Amino acid sequence: MSYIKETIEKLKQTSPAQVEFYQAVEDVLESIEPLLEERPKYREHSIIERLVEPERQIMFRVPWMDDDGKIQVNKGYRIEFNSALGPYKGGLRFHPSVNAGIVKFLGFEQIFKNALTGLPIGGGKGGANFDPKGKSDAEIMRFCQSFMSELYRHIGPHTDVPAGDIGVGSREIGYLFGQYKRLANRFDGVLTGKSESWGGSQVRKEATGYGVVYFAQCMMDDQDDSLDGKRCLISGSGNVAIHAMEKLYELGAKPISCSDSSGTIYHDSGIDLDLVKRIKEEQGGRLKEYLETHEDAEYTPTDDYPEEGHCVWRYEADIAFPCATQNELTEKDAQALLENGCKYIVEGANMPTTQAAVELFIESGVGYGPGKASNAGGVATSQLEMAQNASMLRWDFEEVDEKLKDIMSNIYQDAKRTAEDFGHPSNLVLGANIAGFRKVADAMLEQGVV
């Protein structure tokens with residue numbers, strides 16, 4: 001058994017039933033085999049064995065009272081995975097699917113994503129199996145306050161700086177920060193994604209969606225291609241998807257699909273972004289309502305999705321942007337995209353493509369941007385928010401947006417250059433994994449056995 005396979009098997013014994021975590025670890029470790037052969041020192045110092053184990057895992061109960069006066073109990077998590085490059089940094093996810101394996105996969109991915117930004121931040125992730133949907137503002141406030149009543153003792157601007165993720169937007173960040181401030185008696189940059197009126201950064205809300213489009217633009221520039229006139233498939237209709245569509249329109253492309261947990265909208269003439277924003281951000285509604293305004297659009301409920309796949313990937317288009325959730329793009333979906341002439345797949349979500357689909361994309365030679373590189377714009381701008389908080393300054397929209405664009409270009413060039421150095425010039429998965437791993441591993445070597 002190879003060193004990498006042996007490490008993964010041991011991990012399965014010590015962290016049982018955490019399938020998404022194993023998938024994330026295998027993706028990285030199998031990519032870095034060429035580097036391990038070149039640098040035996042990593043094995044001598046057990047860098048991999050240390051890297052796959054979080055530095056700290058925090059699990060706690062979150063009791064709260066609903067509007068009917070009944071006590072509810074959820075489970076909270078914070079995985080402080082690796083601090084070799086800086087304080088732990090990564091979002092909080094509030095969703096019924098959250099468990100230890102999901103949080104660990106997200107935290108592990110975050111280590112390398114954050115390393116690729118070139119900014120001084122380590123990797124972490126957290127959340128709870130709490131569903132904000134259908135809850136009143138008062139219920140969400142009480143939950144956030146209870147969650148932070150435990151979490152506050154483990155975080156800090158130089159220790160661990162959480163942000164938002166699925167189910168955690170500006171409302172939740174506000175309630176979490178208010179409780180932190182009350183308990184810690186400090187007003188500091190302990191959370192990012194704050195309101196701009198009290199320490200937040202411009203572009204933070206848009207950053208992940210804008211960043212994934214900037215990354216796609218870099219990929220296309222290398223092929224003497226451009227976004228102008230391109231038809232784009234988008235999954236999701238949350239923050240990432242909405243701002244990816246916004247930037248695509250700005251750069252001359254046409255998004256023609258989006259989705260939510262109930263179904264998919266396909267609009268051949270182009271998604272009405274203002275309408276999607278109104279339905280999802282203002283009304284908290286379902287995309288099916290889109291048909292009330294646009295009868296020429298198509299709506300497919302999830303019950304009618306194709307077997308082993310998602311209907312959003314079954315239309316003809318030039319570029320696909322999976323922006324919803326993990327493992328949403330299957331091998332069957334990948335085959336459909338390739339058959340329909342899709343030339344680029346650029347990930348806006350964390351690990352949205354199954355391993356079999358990733359392998360198919362790499363074998364086919366299409367442009368494939370892995371999430372740990374292409375969706376790093378959100379965490380990069382979070383660090384820019386931390387920098388503004390630390391210096392008590394506020395940068396304007398254009399300045400932050402330009403910094404974001406430069407960071408995404410640097411991430412692309414770093415991944416591309418590394419892939420070329422290791423003899424696989426078009427494999428950005430290998431390039432991103434090796435580039436991110438090498439930065440973290442070298443820092444761990446220099447800091448000793450800690």
# chains A, B, ... in the order shown; residues from 1 in each chain; ligands from 1
>>> residues_around(residues="Arg43 of chain A", least_positions_apart="5", cutoff="12 Å", atoms="only C-alpha atoms", output="MDAnalysis selection string")
chainID A and resid 3:4 7 32:33 35:38 48:51 441 445
>>> residues_around(residues="segment 292-307 of chain A", least_positions_apart="2", cutoff="9 Å", atoms="only C-alpha atoms", output="VMD selection string")
chain A and resid 261 to 269 271 to 272 275 287 to 290 309 to 312 314 332
>>> residues_around(residues="Ser136 of chain A", least_positions_apart="4", cutoff="10 Å", atoms="only C-alpha atoms", output="list in words")
Asp66, Asp67, Pro132, Ile140, Met141 and Arg142 of chain A
>>> write_last_selection(atoms="N, CA and C atoms", output="PDB file, in the first residue's frame")
ATOM      1  N   ASP A  66     -37.758  28.771  20.812  1.00  0.00           N
ATOM      2  CA  ASP A  66     -38.494  29.233  19.633  1.00  0.00           C
ATOM      3  C   ASP A  66     -39.622  30.176  20.047  1.00  0.00           C
ATOM      4  N   ASP A  67     -40.351  30.686  19.065  1.00  0.00           N
ATOM      5  CA  ASP A  67     -41.384  31.683  19.355  1.00  0.00           C
ATOM      6  C   ASP A  67     -42.568  31.115  20.132  1.00  0.00           C
ATOM      7  N   PRO A 132     -32.062  28.215   9.071  1.00  0.00           N
ATOM      8  CA  PRO A 132     -32.685  29.539   9.234  1.00  0.00           C
ATOM      9  C   PRO A 132     -33.994  29.680   8.450  1.00  0.00           C
ATOM     10  N   ILE A 140     -33.931  33.476  14.973  1.00  0.00           N
ATOM     11  CA  ILE A 140     -32.558  33.459  14.456  1.00  0.00           C
ATOM     12  C   ILE A 140     -31.630  34.223  15.391  1.00  0.00           C
ATOM     13  N   MET A 141     -32.099  35.340  15.921  1.00  0.00           N
ATOM     14  CA  MET A 141     -31.285  36.103  16.870  1.00  0.00           C
ATOM     15  C   MET A 141     -30.978  35.263  18.116  1.00  0.00           C
ATOM     16  N   ARG A 142     -31.999  34.605  18.668  1.00  0.00           N
ATOM     17  CA  ARG A 142     -31.775  33.809  19.876  1.00  0.00           C
ATOM     18  C   ARG A 142     -30.820  32.643  19.603  1.00  0.00           C
TER      19      ARG A 142
END
>>> atom_distance(atom1="atom CA of Ile121 of chain A", atom2="atom CA of Gly90 of chain A")
9.3 Å
>>> closest_atom_pairs(of="segment 23-87 of chain A", to="segment 147-166 of chain A", cutoff="10 Å", atoms="only C-alpha atoms", output="CSV")
residue,atom,partner,partner_atom,distance
A:Ile58,CA,A:His154,CA,8.6
A:Met59,CA,A:Leu151,CA,9.5
A:Phe60,CA,A:Glu150,CA,7.5
A:Arg61,CA,A:Phe147,CA,8.2
A:Val62,CA,A:Phe147,CA,5.6
A:Pro63,CA,A:Phe147,CA,8.2
A:Trp64,CA,A:Phe147,CA,8.9
A:Asn74,CA,A:Phe147,CA,9.1
A:Lys75,CA,A:Phe147,CA,9.0
A:Gly76,CA,A:Phe147,CA,6.9
A:Tyr77,CA,A:Leu151,CA,8.7
A:Arg78,CA,A:Leu151,CA,7.8
A:Glu80,CA,A:Asp160,CA,7.6
A:Ser83,CA,A:Thr159,CA,8.5
A:Gly86,CA,A:His158,CA,8.0
A:Pro87,CA,A:Thr159,CA,4.8
>>> write_last_selection(atoms="C-alpha atoms", output="short mmCIF file (atom, residue, chain, number, x, y, z; two decimals), in the first residue's frame")
data_model
loop_
_atom_site.label_atom_id
_atom_site.label_comp_id
_atom_site.auth_asym_id
_atom_site.auth_seq_id
_atom_site.Cartn_x
_atom_site.Cartn_y
_atom_site.Cartn_z
CA ILE A 58 -14.76 22.21 19.04
CA MET A 59 -18.27 20.68 19.29
CA PHE A 60 -21.00 22.05 21.51
CA ARG A 61 -24.74 22.08 22.04
CA VAL A 62 -26.75 25.15 21.11
CA PRO A 63 -29.98 25.43 23.14
CA TRP A 64 -32.45 28.17 22.19
CA ASN A 74 -28.82 22.06 17.81
CA LYS A 75 -25.21 21.01 17.47
CA GLY A 76 -22.48 23.57 16.88
CA TYR A 77 -19.01 23.08 15.40
CA ARG A 78 -15.76 24.94 14.87
CA GLU A 80 -9.60 25.05 13.68
CA SER A 83 -2.68 27.97 11.62
CA GLY A 86 -1.96 32.81 10.11
CA PRO A 87 -5.10 32.86 12.26
#
>>> select_by_dssp(residues="segment 238-408 of chain A", states="strand (DSSP E)", output="list of chain:residue names")
A:Lys254, A:Pro255, A:Ser257, A:Cys258, A:Ser259, A:Asp260, A:Gly263, A:Thr264, A:Ile265, A:Tyr266, A:Glu298, A:Tyr299, A:Thr300, A:Pro301, A:Ile319, A:Ala320, A:Phe321, A:Tyr344, A:Ile345, A:Val346, A:Gly367, A:Tyr368, A:Gly369
>>> closest_atom_pairs(of="segment 349-411 of chain A", to="segment 197-210 of chain A", cutoff="10 Å", atoms="only C-alpha atoms", output="CSV")
residue,atom,partner,partner_atom,distance
A:Ala349,CA,A:Thr208,CA,9.0
A:Ser374,CA,A:Thr208,CA,8.6
A:Asn375,CA,A:Thr208,CA,5.6
A:Ala376,CA,A:Thr208,CA,6.6
A:Gly377,CA,A:Thr208,CA,4.6
A:Gly378,CA,A:Thr208,CA,4.2
A:Val379,CA,A:Thr208,CA,7.8
A:Ala380,CA,A:Ala207,CA,8.2
A:Thr381,CA,A:Arg204,CA,5.7
A:Ser382,CA,A:Arg204,CA,6.5
A:Gln383,CA,A:Ser201,CA,9.7
A:Leu384,CA,A:Ser201,CA,7.5
A:Glu385,CA,A:Ser201,CA,5.1
A:Met386,CA,A:Ser201,CA,8.7
A:Ala387,CA,A:Ser201,CA,9.7
A:Gln388,CA,A:Ser201,CA,7.6
A:Asn389,CA,A:Gly199,CA,6.4
A:Met392,CA,A:Gly199,CA,8.5
A:Leu393,CA,A:Gly199,CA,9.1
A:Arg394,CA,A:Ser201,CA,7.3
A:Trp395,CA,A:Gln202,CA,7.4
A:Asp396,CA,A:Gln202,CA,6.7
A:Phe397,CA,A:Gln202,CA,5.4
A:Glu398,CA,A:Val203,CA,8.7
A:Glu399,CA,A:Gln202,CA,9.2
A:Val400,CA,A:Val203,CA,6.5
A:Asp401,CA,A:Val203,CA,6.4
A:Leu404,CA,A:Ala207,CA,7.4
A:Lys405,CA,A:Tyr210,CA,8.5
A:Met408,CA,A:Tyr210,CA,9.7
>>> closest_residue(among="A:Glu359, A:Asp414, A:Glu339, A:Glu250", to="Arg438 of chain A", atoms="only C-alpha atoms")
A:Asp414
>>> select_by_dssp(residues="segment 5-163 of chain A", states="helix (DSSP H, G or I)", output="PDB file with N, CA and C atoms, in the first residue's frame")
ATOM      1  N   LYS A   5      -2.165   6.177   0.274  1.00  0.00           N
ATOM      2  CA  LYS A   5      -3.313   5.293   0.546  1.00  0.00           C
ATOM      3  C   LYS A   5      -3.314   4.838   2.011  1.00  0.00           C
ATOM      4  N   GLU A   6      -2.144   4.572   2.533  1.00  0.00           N
ATOM      5  CA  GLU A   6      -2.033   4.155   3.927  1.00  0.00           C
ATOM      6  C   GLU A   6      -2.516   5.273   4.861  1.00  0.00           C
ATOM      7  N   THR A   7      -2.131   6.497   4.538  1.00  0.00           N
ATOM      8  CA  THR A   7      -2.565   7.650   5.335  1.00  0.00           C
ATOM      9  C   THR A   7      -4.078   7.793   5.308  1.00  0.00           C
ATOM     10  N   ILE A   8      -4.674   7.629   4.127  1.00  0.00           N
ATOM     11  CA  ILE A   8      -6.126   7.759   3.988  1.00  0.00           C
ATOM     12  C   ILE A   8      -6.849   6.649   4.742  1.00  0.00           C
ATOM     13  N   GLU A   9      -6.321   5.437   4.678  1.00  0.00           N
ATOM     14  CA  GLU A   9      -6.950   4.319   5.401  1.00  0.00           C
ATOM     15  C   GLU A   9      -6.913   4.552   6.914  1.00  0.00           C
ATOM     16  N   LYS A  10      -5.806   5.066   7.411  1.00  0.00           N
ATOM     17  CA  LYS A  10      -5.724   5.381   8.843  1.00  0.00           C
ATOM     18  C   LYS A  10      -6.741   6.466   9.210  1.00  0.00           C
ATOM     19  N   LEU A  11      -6.885   7.425   8.313  1.00  0.00           N
ATOM     20  CA  LEU A  11      -7.827   8.515   8.555  1.00  0.00           C
ATOM     21  C   LEU A  11      -9.252   7.988   8.646  1.00  0.00           C
ATOM     22  N   LYS A  12      -9.586   7.023   7.806  1.00  0.00           N
ATOM     23  CA  LYS A  12     -10.932   6.450   7.837  1.00  0.00           C
ATOM     24  C   LYS A  12     -11.204   5.719   9.153  1.00  0.00           C
ATOM     25  N   GLN A  13     -10.155   5.198   9.751  1.00  0.00           N
ATOM     26  CA  GLN A  13     -10.322   4.521  11.039  1.00  0.00           C
ATOM     27  C   GLN A  13     -10.492   5.517  12.179  1.00  0.00           C
ATOM     28  N   THR A  14      -9.738   6.613  12.120  1.00  0.00           N
ATOM     29  CA  THR A  14      -9.795   7.581  13.220  1.00  0.00           C
ATOM     30  C   THR A  14     -10.934   8.585  13.062  1.00  0.00           C
ATOM     31  N   VAL A  19     -17.492  10.890   4.770  1.00  0.00           N
ATOM     32  CA  VAL A  19     -17.231  10.635   3.356  1.00  0.00           C
ATOM     33  C   VAL A  19     -16.722  11.870   2.625  1.00  0.00           C
ATOM     34  N   GLU A  20     -17.357  13.019   2.863  1.00  0.00           N
ATOM     35  CA  GLU A  20     -16.936  14.237   2.166  1.00  0.00           C
ATOM     36  C   GLU A  20     -15.511  14.630   2.563  1.00  0.00           C
ATOM     37  N   PHE A  21     -15.170  14.387   3.814  1.00  0.00           N
ATOM     38  CA  PHE A  21     -13.813  14.682   4.286  1.00  0.00           C
ATOM     39  C   PHE A  21     -12.796  13.792   3.573  1.00  0.00           C
ATOM     40  N   TYR A  22     -13.096  12.490   3.455  1.00  0.00           N
ATOM     41  CA  TYR A  22     -12.181  11.599   2.742  1.00  0.00           C
ATOM     42  C   TYR A  22     -11.998  12.065   1.295  1.00  0.00           C
ATOM     43  N   GLN A  23     -13.094  12.473   0.670  1.00  0.00           N
ATOM     44  CA  GLN A  23     -13.027  12.920  -0.726  1.00  0.00           C
ATOM     45  C   GLN A  23     -12.105  14.122  -0.877  1.00  0.00           C
ATOM     46  N   ALA A  24     -12.225  15.086   0.034  1.00  0.00           N
ATOM     47  CA  ALA A  24     -11.383  16.280  -0.021  1.00  0.00           C
ATOM     48  C   ALA A  24      -9.911  15.935   0.192  1.00  0.00           C
ATOM     49  N   VAL A  25      -9.655  15.028   1.144  1.00  0.00           N
ATOM     50  CA  VAL A  25      -8.277  14.631   1.435  1.00  0.00           C
ATOM     51  C   VAL A  25      -7.671  13.873   0.251  1.00  0.00           C
ATOM     52  N   GLU A  26      -8.421  12.943  -0.311  1.00  0.00           N
ATOM     53  CA  GLU A  26      -7.913  12.182  -1.458  1.00  0.00           C
ATOM     54  C   GLU A  26      -7.597  13.094  -2.632  1.00  0.00           C
ATOM     55  N   ASP A  27      -8.463  14.065  -2.879  1.00  0.00           N
ATOM     56  CA  ASP A  27      -8.250  15.003  -3.980  1.00  0.00           C
ATOM     57  C   ASP A  27      -6.900  15.695  -3.854  1.00  0.00           C
ATOM     58  N   VAL A  28      -6.573  16.143  -2.642  1.00  0.00           N
ATOM     59  CA  VAL A  28      -5.304  16.853  -2.441  1.00  0.00           C
ATOM     60  C   VAL A  28      -4.121  15.887  -2.452  1.00  0.00           C
ATOM     61  N   LEU A  29      -4.202  14.819  -1.673  1.00  0.00           N
ATOM     62  CA  LEU A  29      -3.045  13.945  -1.503  1.00  0.00           C
ATOM     63  C   LEU A  29      -2.642  13.243  -2.801  1.00  0.00           C
ATOM     64  N   GLU A  30      -3.623  12.820  -3.582  1.00  0.00           N
ATOM     65  CA  GLU A  30      -3.276  12.159  -4.840  1.00  0.00           C
ATOM     66  C   GLU A  30      -2.643  13.131  -5.826  1.00  0.00           C
ATOM     67  N   SER A  31      -3.009  14.399  -5.741  1.00  0.00           N
ATOM     68  CA  SER A  31      -2.424  15.409  -6.639  1.00  0.00           C
ATOM     69  C   SER A  31      -0.975  15.729  -6.295  1.00  0.00           C
ATOM     70  N   GLU A  33       1.438  13.801  -5.127  1.00  0.00           N
ATOM     71  CA  GLU A  33       2.429  12.729  -5.168  1.00  0.00           C
ATOM     72  C   GLU A  33       3.735  13.153  -5.834  1.00  0.00           C
ATOM     73  N   PRO A  34       3.688  13.878  -6.967  1.00  0.00           N
ATOM     74  CA  PRO A  34       4.955  14.306  -7.582  1.00  0.00           C
ATOM     75  C   PRO A  34       5.803  15.180  -6.660  1.00  0.00           C
ATOM     76  N   LEU A  35       5.141  16.021  -5.861  1.00  0.00           N
ATOM     77  CA  LEU A  35       5.865  16.886  -4.932  1.00  0.00           C
ATOM     78  C   LEU A  35       6.487  16.062  -3.807  1.00  0.00           C
ATOM     79  N   LEU A  36       5.776  15.062  -3.318  1.00  0.00           N
ATOM     80  CA  LEU A  36       6.305  14.227  -2.242  1.00  0.00           C
ATOM     81  C   LEU A  36       7.540  13.459  -2.703  1.00  0.00           C
ATOM     82  N   GLU A  37       7.554  13.055  -3.956  1.00  0.00           N
ATOM     83  CA  GLU A  37       8.731  12.369  -4.500  1.00  0.00           C
ATOM     84  C   GLU A  37       9.909  13.332  -4.601  1.00  0.00           C
ATOM     85  N   GLU A  38       9.612  14.580  -4.929  1.00  0.00           N
ATOM     86  CA  GLU A  38      10.668  15.589  -5.079  1.00  0.00           C
ATOM     87  C   GLU A  38      11.182  16.078  -3.732  1.00  0.00           C
ATOM     88  N   LYS A  41      11.503  15.293   2.455  1.00  0.00           N
ATOM     89  CA  LYS A  41      11.484  15.874   3.791  1.00  0.00           C
ATOM     90  C   LYS A  41      10.064  15.966   4.356  1.00  0.00           C
ATOM     91  N   TYR A  42       9.079  16.151   3.480  1.00  0.00           N
ATOM     92  CA  TYR A  42       7.696  16.234   3.948  1.00  0.00           C
ATOM     93  C   TYR A  42       7.271  14.925   4.614  1.00  0.00           C
ATOM     94  N   ARG A  43       7.702  13.803   4.036  1.00  0.00           N
ATOM     95  CA  ARG A  43       7.351  12.523   4.626  1.00  0.00           C
ATOM     96  C   ARG A  43       8.145  12.278   5.904  1.00  0.00           C
ATOM     97  N   GLU A  44       9.402  12.650   5.892  1.00  0.00           N
ATOM     98  CA  GLU A  44      10.246  12.454   7.068  1.00  0.00           C
ATOM     99  C   GLU A  44       9.689  13.185   8.284  1.00  0.00           C
ATOM    100  N   ILE A  47       4.405  15.475   7.586  1.00  0.00           N
ATOM    101  CA  ILE A  47       3.584  16.648   7.294  1.00  0.00           C
ATOM    102  C   ILE A  47       2.149  16.248   6.947  1.00  0.00           C
ATOM    103  N   ILE A  48       1.992  15.205   6.133  1.00  0.00           N
ATOM    104  CA  ILE A  48       0.643  14.796   5.739  1.00  0.00           C
ATOM    105  C   ILE A  48      -0.157  14.315   6.936  1.00  0.00           C
ATOM    106  N   GLU A  49       0.462  13.453   7.743  1.00  0.00           N
ATOM    107  CA  GLU A  49      -0.247  12.932   8.911  1.00  0.00           C
ATOM    108  C   GLU A  49      -0.683  14.068   9.844  1.00  0.00           C
ATOM    109  N   ARG A  50       0.132  15.092   9.963  1.00  0.00           N
ATOM    110  CA  ARG A  50      -0.218  16.231  10.811  1.00  0.00           C
ATOM    111  C   ARG A  50      -1.270  17.115  10.155  1.00  0.00           C
ATOM    112  N   LEU A  51      -1.182  17.230   8.828  1.00  0.00           N
ATOM    113  CA  LEU A  51      -2.072  18.146   8.105  1.00  0.00           C
ATOM    114  C   LEU A  51      -3.515  17.660   8.071  1.00  0.00           C
ATOM    115  N   ALA A 100     -20.026  16.740  11.479  1.00  0.00           N
ATOM    116  CA  ALA A 100     -18.574  16.837  11.664  1.00  0.00           C
ATOM    117  C   ALA A 100     -17.822  16.599  10.361  1.00  0.00           C
ATOM    118  N   GLY A 101     -18.283  15.649   9.536  1.00  0.00           N
ATOM    119  CA  GLY A 101     -17.595  15.356   8.279  1.00  0.00           C
ATOM    120  C   GLY A 101     -17.673  16.496   7.299  1.00  0.00           C
ATOM    121  N   ILE A 102     -18.845  17.137   7.190  1.00  0.00           N
ATOM    122  CA  ILE A 102     -19.008  18.277   6.286  1.00  0.00           C
ATOM    123  C   ILE A 102     -18.095  19.424   6.719  1.00  0.00           C
ATOM    124  N   VAL A 103     -18.095  19.717   8.016  1.00  0.00           N
ATOM    125  CA  VAL A 103     -17.280  20.832   8.507  1.00  0.00           C
ATOM    126  C   VAL A 103     -15.790  20.533   8.308  1.00  0.00           C
ATOM    127  N   LYS A 104     -15.385  19.285   8.501  1.00  0.00           N
ATOM    128  CA  LYS A 104     -13.970  18.942   8.315  1.00  0.00           C
ATOM    129  C   LYS A 104     -13.559  19.020   6.851  1.00  0.00           C
ATOM    130  N   PHE A 105     -14.418  18.587   5.943  1.00  0.00           N
ATOM    131  CA  PHE A 105     -14.081  18.716   4.521  1.00  0.00           C
ATOM    132  C   PHE A 105     -13.935  20.183   4.142  1.00  0.00           C
ATOM    133  N   LEU A 106     -14.857  21.017   4.622  1.00  0.00           N
ATOM    134  CA  LEU A 106     -14.783  22.441   4.307  1.00  0.00           C
ATOM    135  C   LEU A 106     -13.540  23.080   4.913  1.00  0.00           C
ATOM    136  N   GLY A 107     -13.213  22.692   6.149  1.00  0.00           N
ATOM    137  CA  GLY A 107     -12.029  23.245   6.808  1.00  0.00           C
ATOM    138  C   GLY A 107     -10.749  22.819   6.134  1.00  0.00           C
ATOM    139  N   PHE A 108     -10.683  21.559   5.703  1.00  0.00           N
ATOM    140  CA  PHE A 108      -9.490  21.064   5.012  1.00  0.00           C
ATOM    141  C   PHE A 108      -9.292  21.802   3.687  1.00  0.00           C
ATOM    142  N   GLU A 109     -10.368  21.961   2.919  1.00  0.00           N
ATOM    143  CA  GLU A 109     -10.293  22.723   1.661  1.00  0.00           C
ATOM    144  C   GLU A 109      -9.822  24.155   1.930  1.00  0.00           C
ATOM    145  N   GLN A 110     -10.300  24.711   3.043  1.00  0.00           N
ATOM    146  CA  GLN A 110     -10.012  26.112   3.347  1.00  0.00           C
ATOM    147  C   GLN A 110      -8.520  26.351   3.571  1.00  0.00           C
ATOM    148  N   ILE A 111      -7.810  25.351   4.087  1.00  0.00           N
ATOM    149  CA  ILE A 111      -6.363  25.508   4.322  1.00  0.00           C
ATOM    150  C   ILE A 111      -5.666  25.915   3.030  1.00  0.00           C
ATOM    151  N   PHE A 112      -5.957  25.182   1.957  1.00  0.00           N
ATOM    152  CA  PHE A 112      -5.232  25.387   0.702  1.00  0.00           C
ATOM    153  C   PHE A 112      -5.783  26.571  -0.079  1.00  0.00           C
ATOM    154  N   LYS A 113      -7.088  26.769   0.007  1.00  0.00           N
ATOM    155  CA  LYS A 113      -7.685  27.943  -0.629  1.00  0.00           C
ATOM    156  C   LYS A 113      -7.059  29.213  -0.060  1.00  0.00           C
ATOM    157  N   ASN A 114      -6.976  29.274   1.282  1.00  0.00           N
ATOM    158  CA  ASN A 114      -6.416  30.456   1.926  1.00  0.00           C
ATOM    159  C   ASN A 114      -4.936  30.619   1.607  1.00  0.00           C
ATOM    160  N   ALA A 115      -4.210  29.497   1.529  1.00  0.00           N
ATOM    161  CA  ALA A 115      -2.792  29.561   1.181  1.00  0.00           C
ATOM    162  C   ALA A 115      -2.601  30.130  -0.229  1.00  0.00           C
ATOM    163  N   LEU A 116      -3.492  29.754  -1.151  1.00  0.00           N
ATOM    164  CA  LEU A 116      -3.365  30.217  -2.539  1.00  0.00           C
ATOM    165  C   LEU A 116      -3.545  31.724  -2.667  1.00  0.00           C
ATOM    166  N   ASP A 137     -37.085  36.368  12.671  1.00  0.00           N
ATOM    167  CA  ASP A 137     -35.855  37.092  13.020  1.00  0.00           C
ATOM    168  C   ASP A 137     -35.521  36.901  14.502  1.00  0.00           C
ATOM    169  N   ALA A 138     -36.535  36.869  15.336  1.00  0.00           N
ATOM    170  CA  ALA A 138     -36.303  36.711  16.780  1.00  0.00           C
ATOM    171  C   ALA A 138     -35.715  35.334  17.082  1.00  0.00           C
ATOM    172  N   GLU A 139     -36.192  34.302  16.390  1.00  0.00           N
ATOM    173  CA  GLU A 139     -35.659  32.950  16.596  1.00  0.00           C
ATOM    174  C   GLU A 139     -34.208  32.870  16.121  1.00  0.00           C
ATOM    175  N   ILE A 140     -33.931  33.476  14.973  1.00  0.00           N
ATOM    176  CA  ILE A 140     -32.558  33.459  14.456  1.00  0.00           C
ATOM    177  C   ILE A 140     -31.630  34.223  15.391  1.00  0.00           C
ATOM    178  N   MET A 141     -32.099  35.340  15.921  1.00  0.00           N
ATOM    179  CA  MET A 141     -31.285  36.103  16.870  1.00  0.00           C
ATOM    180  C   MET A 141     -30.978  35.263  18.116  1.00  0.00           C
ATOM    181  N   ARG A 142     -31.999  34.605  18.668  1.00  0.00           N
ATOM    182  CA  ARG A 142     -31.775  33.809  19.876  1.00  0.00           C
ATOM    183  C   ARG A 142     -30.820  32.643  19.603  1.00  0.00           C
ATOM    184  N   PHE A 143     -30.963  32.022  18.425  1.00  0.00           N
ATOM    185  CA  PHE A 143     -30.033  30.941  18.092  1.00  0.00           C
ATOM    186  C   PHE A 143     -28.607  31.471  17.983  1.00  0.00           C
ATOM    187  N   CYS A 144     -28.422  32.569  17.250  1.00  0.00           N
ATOM    188  CA  CYS A 144     -27.075  33.123  17.058  1.00  0.00           C
ATOM    189  C   CYS A 144     -26.451  33.518  18.389  1.00  0.00           C
ATOM    190  N   GLN A 145     -27.239  34.088  19.259  1.00  0.00           N
ATOM    191  CA  GLN A 145     -26.706  34.484  20.569  1.00  0.00           C
ATOM    192  C   GLN A 145     -26.269  33.269  21.379  1.00  0.00           C
ATOM    193  N   SER A 146     -27.050  32.190  21.327  1.00  0.00           N
ATOM    194  CA  SER A 146     -26.667  30.976  22.048  1.00  0.00           C
ATOM    195  C   SER A 146     -25.417  30.353  21.436  1.00  0.00           C
ATOM    196  N   PHE A 147     -25.359  30.336  20.104  1.00  0.00           N
ATOM    197  CA  PHE A 147     -24.195  29.782  19.398  1.00  0.00           C
ATOM    198  C   PHE A 147     -22.926  30.544  19.784  1.00  0.00           C
ATOM    199  N   MET A 148     -23.002  31.872  19.775  1.00  0.00           N
ATOM    200  CA  MET A 148     -21.828  32.682  20.080  1.00  0.00           C
ATOM    201  C   MET A 148     -21.469  32.634  21.554  1.00  0.00           C
ATOM    202  N   SER A 149     -22.421  32.324  22.418  1.00  0.00           N
ATOM    203  CA  SER A 149     -22.123  32.245  23.849  1.00  0.00           C
ATOM    204  C   SER A 149     -21.082  31.183  24.157  1.00  0.00           C
ATOM    205  N   GLU A 150     -20.997  30.159  23.315  1.00  0.00           N
ATOM    206  CA  GLU A 150     -19.928  29.163  23.452  1.00  0.00           C
ATOM    207  C   GLU A 150     -18.743  29.505  22.563  1.00  0.00           C
ATOM    208  N   LEU A 151     -19.016  29.914  21.327  1.00  0.00           N
ATOM    209  CA  LEU A 151     -17.927  30.098  20.370  1.00  0.00           C
ATOM    210  C   LEU A 151     -16.992  31.239  20.751  1.00  0.00           C
ATOM    211  N   TYR A 152     -17.503  32.279  21.422  1.00  0.00           N
ATOM    212  CA  TYR A 152     -16.710  33.494  21.627  1.00  0.00           C
ATOM    213  C   TYR A 152     -15.393  33.232  22.344  1.00  0.00           C
ATOM    214  N   ARG A 153     -15.371  32.208  23.213  1.00  0.00           N
ATOM    215  CA  ARG A 153     -14.172  31.944  24.007  1.00  0.00           C
ATOM    216  C   ARG A 153     -13.062  31.301  23.165  1.00  0.00           C
ATOM    217  N   HIS A 154     -13.381  30.867  21.938  1.00  0.00           N
ATOM    218  CA  HIS A 154     -12.402  30.169  21.099  1.00  0.00           C
ATOM    219  C   HIS A 154     -11.887  31.017  19.932  1.00  0.00           C
TER     220      HIS A 154
END
>>> closest_residue(among="A:Val440, A:Asp225, A:Asn239, A:Ala390", to="Cys323 of chain A", atoms="only C-alpha atoms")
A:Asn239
>>> residues_around(residues="Asp131 of chain A", least_positions_apart="2", cutoff="9 Å", atoms="only C-alpha atoms", output="PyMOL selection string")
chain A and resi 94-96+128-129+133-135+167
>>> atom_distance(atom1="atom CA of Gly122 of chain A", atom2="atom CA of Ala432 of chain A")
16.2 Å
>>> atom_distance(atom1="atom CA of His424 of chain A", atom2="atom CA of Ala336 of chain A")
25.1 Å
>>> closest_residue(among="A:Ile242, A:Ala320, A:Lys439, A:Gly365", to="Pro425 of chain A", atoms="only C-alpha atoms")
A:Gly365
>>> residues_around(residues="Tyr315 of chain A", least_positions_apart="5", cutoff="8 Å", atoms="only C-alpha atoms", output="PyMOL selection string")
chain A and resi 233+337+340
>>> closest_residue(among="A:Val52, A:Val73, A:Val449, A:Val98", to="Gly123 of chain A", atoms="only C-alpha atoms")
A:Val52
